[in-house]
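Novice: Would you mind keeping the following structure in view while I ask a few things?
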Amino acid sequence: MDIVAWIIIIVLVVILLFLMLSYNRFIVLKNRIDNAWAQIDVQLKRRYDLIPNLIETVKGYAKHEKKVFTEVTAARTAMMSATTLGDKAKANNKLSETLKSLFAVAENYPKLRANENFMMLQEELSGTESKIAYARQAYNDDVLSYNNSIQMFPGSIVAGMFAFAKKDFFNTDEAERAPVKVKFD
Amino acid sequence: MNAFDEAAINKWKSYLLIFLFAAIIIFLGYIFGLIYGQGNSDIIIFFMVIAFIIAVIMALVSYYLGDKAALSISGAYEANRKDHAHYINCVEGLAIAAQMPVPKIYVIPDQAINAFATGRNPKLASIAVTEGALKKLNRTELEGVVAHEMSHIKNYDMRLMTMVVILVGLIALLSDFFLRGLIFGGGRNREGGEGNVIFLLIGIVLAILAPIIAQLIQLVVSRKREYAADATGAVLSRNPEALANALKKIKKDDLETKHANKATAHMYFSNPLKAGFWNNMFSTHPPIDERIKRLEAM
């Protein structure tokens, strides 16, 4: 065989290797996103499960605050029926808001605030709230690195060939925690 | 740069360090060999192998049992959901942010504000915070401290420090062998003449200096890891200010962590030992003001 044939073979092997490595990298990043999404779902479910208990406890002390109960319940149901990413993000925000007003109402009932069960539920809910925020942060970080890698040249060619699509961020209307600039030395 | 990159850089730095230490060790061995062996390299190789085996055994023991020892020295007990719900929630939240398994969660019965993390990999990690920290820090400050500790776990700092300790121990042992050898067996090669005296002097100076230099390198590495954990912690919690505030509270509080000693000091969130010329020079932690300054600049 002459030298031209060898060059062609080498170039083909390099291209094939590049295809393989890029493809596998996209799969890894994509799976990471799925995993991060599962984490968000776990926390959303946890909050969903805590709410009836909370409403029962608050009702025991503040029976006539009906408006806030219906709002929370409605937001909870909306959360459950949301399927797409955008809907879930929206329902999640709505639920966070109504819970905030529920806790604001609870402020007016000193006996309720001193109730041990209520205090525990309040801690669990705010803990879950911050876990949702952290899970969302991890999810968005993963989406960012996936989107970057499928859009940057020359990986973008491989992404196009195998139809790797851009993923959406889990956005919220509430004030985002300010992103930080970090320097390492 | 994100926390993932930081962990990768950490790995590269540990390779570089091993290279540096290996160079020191080979140089030491060479000089000692010149003085003792008189061209007979078997003896020096024998001593180096013995020193290496001892250092590795010591380090492996600390690698595998170190976390339990550290927890028991600090008197830590396991946190429970009833008394420490906000602390547990905070650790679980940051584990989600770091995409790591939730470490075991401990409380140290001490009124100073401090914390440490231990364990050789994220699956076997533990995190411990003092009662003082749980009482005096607010939620976001506690998150900052926990984020810092999670970063140590995520960046595999335990593994890096263990490797450094092996190499420092090896250098100390070699120097020790050399100096003892001089006392007990130095009489054999008297006929060497002036050249040998100079080598002998160089050998003695090296044997005394090398362990100190190795120790100082270890401290530099330890301080670098603290800055890195502050930075990674800021990436995790997205709130460098909270961590800076926690450090300010520690500074104002100025209590010595009673359950720490020289052996476990390097593991803590802030230096548990009182400041003083000697403790600062040989400190495992960077100055608190410098850490606050860097965090506030992020």
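Residue numbers start at 1 in each chain; chains themselves are named A, B, ... in the order of the structure tokens; ligands are numbered from 1 in the order shown.
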Neighbouring residues of Ser270 (chain B) were defined as those with any atom within 10 Å, considering only C-alpha atoms; residues of the same chain fewer than 3 positions away were excluded. Please report them as a ChimeraX atom specification.
Specialist: /B:113-116,145,226,247,250-251,257,265-267,273,284-288
Novice: I'd like a table as a tab-separated table: residues in chain B with an atom no more than 12 Å from chain A, each row giving the shortest atom pair and its distance in Å to one decimal, only C-alpha atoms counted, sorted by chain and rising residue number.
Specialist:
```
residue	atom	partner	partner_atom	distance
B:Met1	CA	A:Val182	CA	7.3
B:Asn2	CA	A:Val182	CA	8.1
B:Ala3	CA	A:Val182	CA	9.9
B:Phe4	CA	A:Asp141	CA	11.0
B:Asp5	CA	A:Phe184	CA	10.2
B:Glu6	CA	A:Phe184	CA	8.1
B:Ala7	CA	A:Phe184	CA	11.6
B:Ile9	CA	A:Phe184	CA	10.2
B:Asn10	CA	A:Phe184	CA	11.4
B:Lys13	CA	A:Asp185	CA	11.9
B:Arg81	CA	A:Met120	CA	9.6
B:Lys82	CA	A:Met120	CA	8.4
B:Asp83	CA	A:Met120	CA	10.2
B:His84	CA	A:Glu123	CA	10.3
B:Ala85	CA	A:Glu123	CA	7.1
B:His86	CA	A:Glu123	CA	6.6
B:Tyr87	CA	A:Gly127	CA	9.4
B:Ile88	CA	A:Gly127	CA	8.9
B:Asn89	CA	A:Gly127	CA	5.3
B:Cys90	CA	A:Gly127	CA	7.0
B:Val91	CA	A:Lys131	CA	9.7
B:Glu92	CA	A:Lys131	CA	7.4
B:Gly93	CA	A:Lys131	CA	4.5
B:Leu94	CA	A:Tyr134	CA	6.9
B:Ala95	CA	A:Tyr134	CA	8.8
B:Ile96	CA	A:Ala135	CA	5.7
B:Ala97	CA	A:Tyr134	CA	4.8
B:Ala98	CA	A:Ala138	CA	7.3
B:Gln99	CA	A:Ala138	CA	7.2
B:Met100	CA	A:Ala138	CA	10.9
B:Pro101	CA	A:Gln39	CA	11.7
B:Arg139	CA	A:Gly127	CA	10.3
B:Thr140	CA	A:Ser130	CA	10.6
B:Glu143	CA	A:Ser130	CA	10.5
B:Ala147	CA	A:Tyr134	CA	11.7
B:Arg223	CA	A:Asp185	CA	12.0
B:Lys224	CA	A:Asp185	CA	8.6
B:Arg225	CA	A:Asp185	CA	10.5
B:Glu226	CA	A:Phe184	CA	11.4
B:Tyr227	CA	A:Phe184	CA	8.1
B:Ala228	CA	A:Phe184	CA	6.7
B:Ala229	CA	A:Phe184	CA	10.0
B:Asp230	CA	A:Phe184	CA	9.8
B:Ala231	CA	A:Val182	CA	6.3
B:Thr232	CA	A:Val182	CA	8.2
B:Gly233	CA	A:Val182	CA	10.1
B:Ala234	CA	A:Val180	CA	7.4
B:Val235	CA	A:Val180	CA	6.9
B:Leu236	CA	A:Tyr134	CA	8.3
B:Ser237	CA	A:Tyr134	CA	8.1
B:Arg238	CA	A:Val180	CA	6.1
B:Asn239	CA	A:Val180	CA	7.4
B:Pro240	CA	A:Val180	CA	7.7
B:Glu241	CA	A:Val180	CA	10.1
B:Arg294	CA	A:Lys183	CA	8.9
B:Leu295	CA	A:Val182	CA	8.8
B:Glu296	CA	A:Val180	CA	10.5
B:Ala297	CA	A:Lys181	CA	8.7
B:Met298	CA	A:Lys181	CA	5.3
```
Novice: Could you dump the residues just selected with C-alpha atoms as a PDB file, in the first residue's frame?
Specialist:
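Once written, out_17.pdb looks like this:
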```pdb
ATOM      1  CA  MET B   1     -13.771  27.075  36.794  1.00  0.00           C
ATOM      2  CA  ASN B   2     -16.131  24.854  38.746  1.00  0.00           C
ATOM      3  CA  ALA B   3     -15.843  22.389  41.577  1.00  0.00           C
ATOM      4  CA  PHE B   4     -15.336  19.510  39.136  1.00  0.00           C
ATOM      5  CA  ASP B   5     -12.252  21.189  37.693  1.00  0.00           C
ATOM      6  CA  GLU B   6     -11.011  21.888  41.183  1.00  0.00           C
ATOM      7  CA  ALA B   7     -11.136  18.180  42.041  1.00  0.00           C
ATOM      8  CA  ILE B   9      -6.572  19.960  39.589  1.00  0.00           C
ATOM      9  CA  ASN B  10      -6.272  18.514  43.068  1.00  0.00           C
ATOM     10  CA  LYS B  13      -1.254  18.683  42.250  1.00  0.00           C
ATOM     11  CA  ARG B  81     -33.486  14.558  63.703  1.00  0.00           C
ATOM     12  CA  LYS B  82     -35.177  15.686  66.878  1.00  0.00           C
ATOM     13  CA  ASP B  83     -32.453  18.002  68.190  1.00  0.00           C
ATOM     14  CA  HIS B  84     -30.511  18.882  65.050  1.00  0.00           C
ATOM     15  CA  ALA B  85     -33.110  18.968  62.274  1.00  0.00           C
ATOM     16  CA  HIS B  86     -31.821  22.178  60.695  1.00  0.00           C
ATOM     17  CA  TYR B  87     -28.235  20.919  60.733  1.00  0.00           C
ATOM     18  CA  ILE B  88     -29.182  17.591  59.136  1.00  0.00           C
ATOM     19  CA  ASN B  89     -31.326  19.358  56.513  1.00  0.00           C
ATOM     20  CA  CYS B  90     -28.460  21.663  55.770  1.00  0.00           C
ATOM     21  CA  VAL B  91     -25.994  18.793  55.200  1.00  0.00           C
ATOM     22  CA  GLU B  92     -28.529  16.930  53.053  1.00  0.00           C
ATOM     23  CA  GLY B  93     -29.161  20.047  50.981  1.00  0.00           C
ATOM     24  CA  LEU B  94     -25.480  20.609  50.298  1.00  0.00           C
ATOM     25  CA  ALA B  95     -24.999  16.933  49.461  1.00  0.00           C
ATOM     26  CA  ILE B  96     -27.623  17.475  46.756  1.00  0.00           C
ATOM     27  CA  ALA B  97     -25.828  20.599  45.543  1.00  0.00           C
ATOM     28  CA  ALA B  98     -22.505  18.732  45.444  1.00  0.00           C
ATOM     29  CA  GLN B  99     -24.182  15.648  43.893  1.00  0.00           C
ATOM     30  CA  MET B 100     -22.613  13.451  46.536  1.00  0.00           C
ATOM     31  CA  PRO B 101     -24.023  10.874  48.946  1.00  0.00           C
ATOM     32  CA  ARG B 139     -28.791  29.084  58.998  1.00  0.00           C
ATOM     33  CA  THR B 140     -26.898  30.558  56.059  1.00  0.00           C
ATOM     34  CA  GLU B 143     -24.599  26.330  55.361  1.00  0.00           C
ATOM     35  CA  ALA B 147     -20.316  23.726  52.289  1.00  0.00           C
ATOM     36  CA  ARG B 223      -3.317  25.999  53.704  1.00  0.00           C
ATOM     37  CA  LYS B 224      -3.869  25.822  49.940  1.00  0.00           C
ATOM     38  CA  ARG B 225      -6.546  23.216  50.507  1.00  0.00           C
ATOM     39  CA  GLU B 226      -8.299  25.541  52.949  1.00  0.00           C
ATOM     40  CA  TYR B 227      -8.490  28.332  50.362  1.00  0.00           C
ATOM     41  CA  ALA B 228      -9.658  25.827  47.772  1.00  0.00           C
ATOM     42  CA  ALA B 229     -12.354  24.500  50.100  1.00  0.00           C
ATOM     43  CA  ASP B 230     -13.541  28.066  50.781  1.00  0.00           C
ATOM     44  CA  ALA B 231     -13.822  28.632  47.030  1.00  0.00           C
ATOM     45  CA  THR B 232     -15.516  25.317  46.253  1.00  0.00           C
ATOM     46  CA  GLY B 233     -17.789  25.892  49.232  1.00  0.00           C
ATOM     47  CA  ALA B 234     -18.796  29.225  47.728  1.00  0.00           C
ATOM     48  CA  VAL B 235     -19.631  27.475  44.447  1.00  0.00           C
ATOM     49  CA  LEU B 236     -21.799  24.950  46.303  1.00  0.00           C
ATOM     50  CA  SER B 237     -23.675  27.360  48.553  1.00  0.00           C
ATOM     51  CA  ARG B 238     -23.614  30.281  46.051  1.00  0.00           C
ATOM     52  CA  ASN B 239     -23.083  32.439  49.089  1.00  0.00           C
ATOM     53  CA  PRO B 240     -19.443  33.330  49.905  1.00  0.00           C
ATOM     54  CA  GLU B 241     -20.677  36.115  52.163  1.00  0.00           C
ATOM     55  CA  ARG B 294     -10.722  36.402  49.517  1.00  0.00           C
ATOM     56  CA  LEU B 295     -14.321  35.340  50.135  1.00  0.00           C
ATOM     57  CA  GLU B 296     -15.554  38.923  50.062  1.00  0.00           C
ATOM     58  CA  ALA B 297     -13.759  39.494  46.747  1.00  0.00           C
ATOM     59  CA  MET B 298     -15.689  36.641  45.050  1.00  0.00           C
TER      60      MET B 298
END
```
Novice: Which neighbours of Leu170 (chain B) fall inside 6 Å, counting only C-alpha atoms, when residues of the same chain fewer than 2 positions from it are skipped, and could you give them as a count of residues only?
Specialist: 7
Novice: Which residue is closest to Ala133 (chain B)? Choose from B:Leu255, B:Val221, B:Val205, B:Val49 and count only C-alpha atoms.
Specialist: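 Closest to Ala133 (chain B), using only C-alpha atoms: B:Leu255.
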Novice: Write out as a VMD selection string which residues come within 10 Å of Ser96 (chain A) when counting only C-alpha atoms, dropping same-chain ones fewer than 6 positions away.
Specialist: chain A and resid 47 72 75 to 76 90 102 125 to 126 129 174
Novice: Go ahead and dump the residues you just picked, N, CA and C atoms, as a PDB file, in the first residue's frame.
Specialist:
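What ended up in part.pdb:
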```pdb
ATOM      1  N   ARG A  47     -42.127  17.527  49.590  1.00  0.00           N
ATOM      2  CA  ARG A  47     -42.893  18.689  50.012  1.00  0.00           C
ATOM      3  C   ARG A  47     -44.389  18.431  49.841  1.00  0.00           C
ATOM      4  N   VAL A  72     -53.292  26.908  49.126  1.00  0.00           N
ATOM      5  CA  VAL A  72     -52.194  25.938  49.226  1.00  0.00           C
ATOM      6  C   VAL A  72     -52.607  24.620  48.581  1.00  0.00           C
ATOM      7  N   ALA A  75     -52.626  24.880  44.829  1.00  0.00           N
ATOM      8  CA  ALA A  75     -51.265  24.918  44.284  1.00  0.00           C
ATOM      9  C   ALA A  75     -50.626  23.536  44.343  1.00  0.00           C
ATOM     10  N   ARG A  76     -50.950  22.815  45.417  1.00  0.00           N
ATOM     11  CA  ARG A  76     -50.393  21.463  45.575  1.00  0.00           C
ATOM     12  C   ARG A  76     -50.914  20.552  44.467  1.00  0.00           C
ATOM     13  N   LYS A  90     -43.278  26.503  37.187  1.00  0.00           N
ATOM     14  CA  LYS A  90     -44.285  27.509  37.512  1.00  0.00           C
ATOM     15  C   LYS A  90     -45.110  27.087  38.729  1.00  0.00           C
ATOM     16  N   LEU A 102     -49.051  31.071  54.028  1.00  0.00           N
ATOM     17  CA  LEU A 102     -49.557  30.231  55.114  1.00  0.00           C
ATOM     18  C   LEU A 102     -48.731  30.451  56.385  1.00  0.00           C
ATOM     19  N   LEU A 125     -40.219  21.754  56.109  1.00  0.00           N
ATOM     20  CA  LEU A 125     -40.605  22.405  54.855  1.00  0.00           C
ATOM     21  C   LEU A 125     -39.547  23.394  54.386  1.00  0.00           C
ATOM     22  N   SER A 126     -38.974  24.146  55.326  1.00  0.00           N
ATOM     23  CA  SER A 126     -37.949  25.091  54.863  1.00  0.00           C
ATOM     24  C   SER A 126     -36.685  24.339  54.461  1.00  0.00           C
ATOM     25  N   GLU A 129     -37.489  23.102  51.063  1.00  0.00           N
ATOM     26  CA  GLU A 129     -37.440  24.256  50.151  1.00  0.00           C
ATOM     27  C   GLU A 129     -35.988  24.523  49.714  1.00  0.00           C
ATOM     28  N   GLU A 174     -38.715  33.745  41.065  1.00  0.00           N
ATOM     29  CA  GLU A 174     -38.214  34.339  42.311  1.00  0.00           C
ATOM     30  C   GLU A 174     -36.752  34.746  42.138  1.00  0.00           C
TER      31      GLU A 174
END
```
Novice: Name all residues at most 8 Å from region 9-24 of chain A (count only C-alpha atoms; drop same-chain ones fewer than 4 positions away) and give them as a VMD selection string.
Specialist: chain A and resid 5 28 155 158 to 159
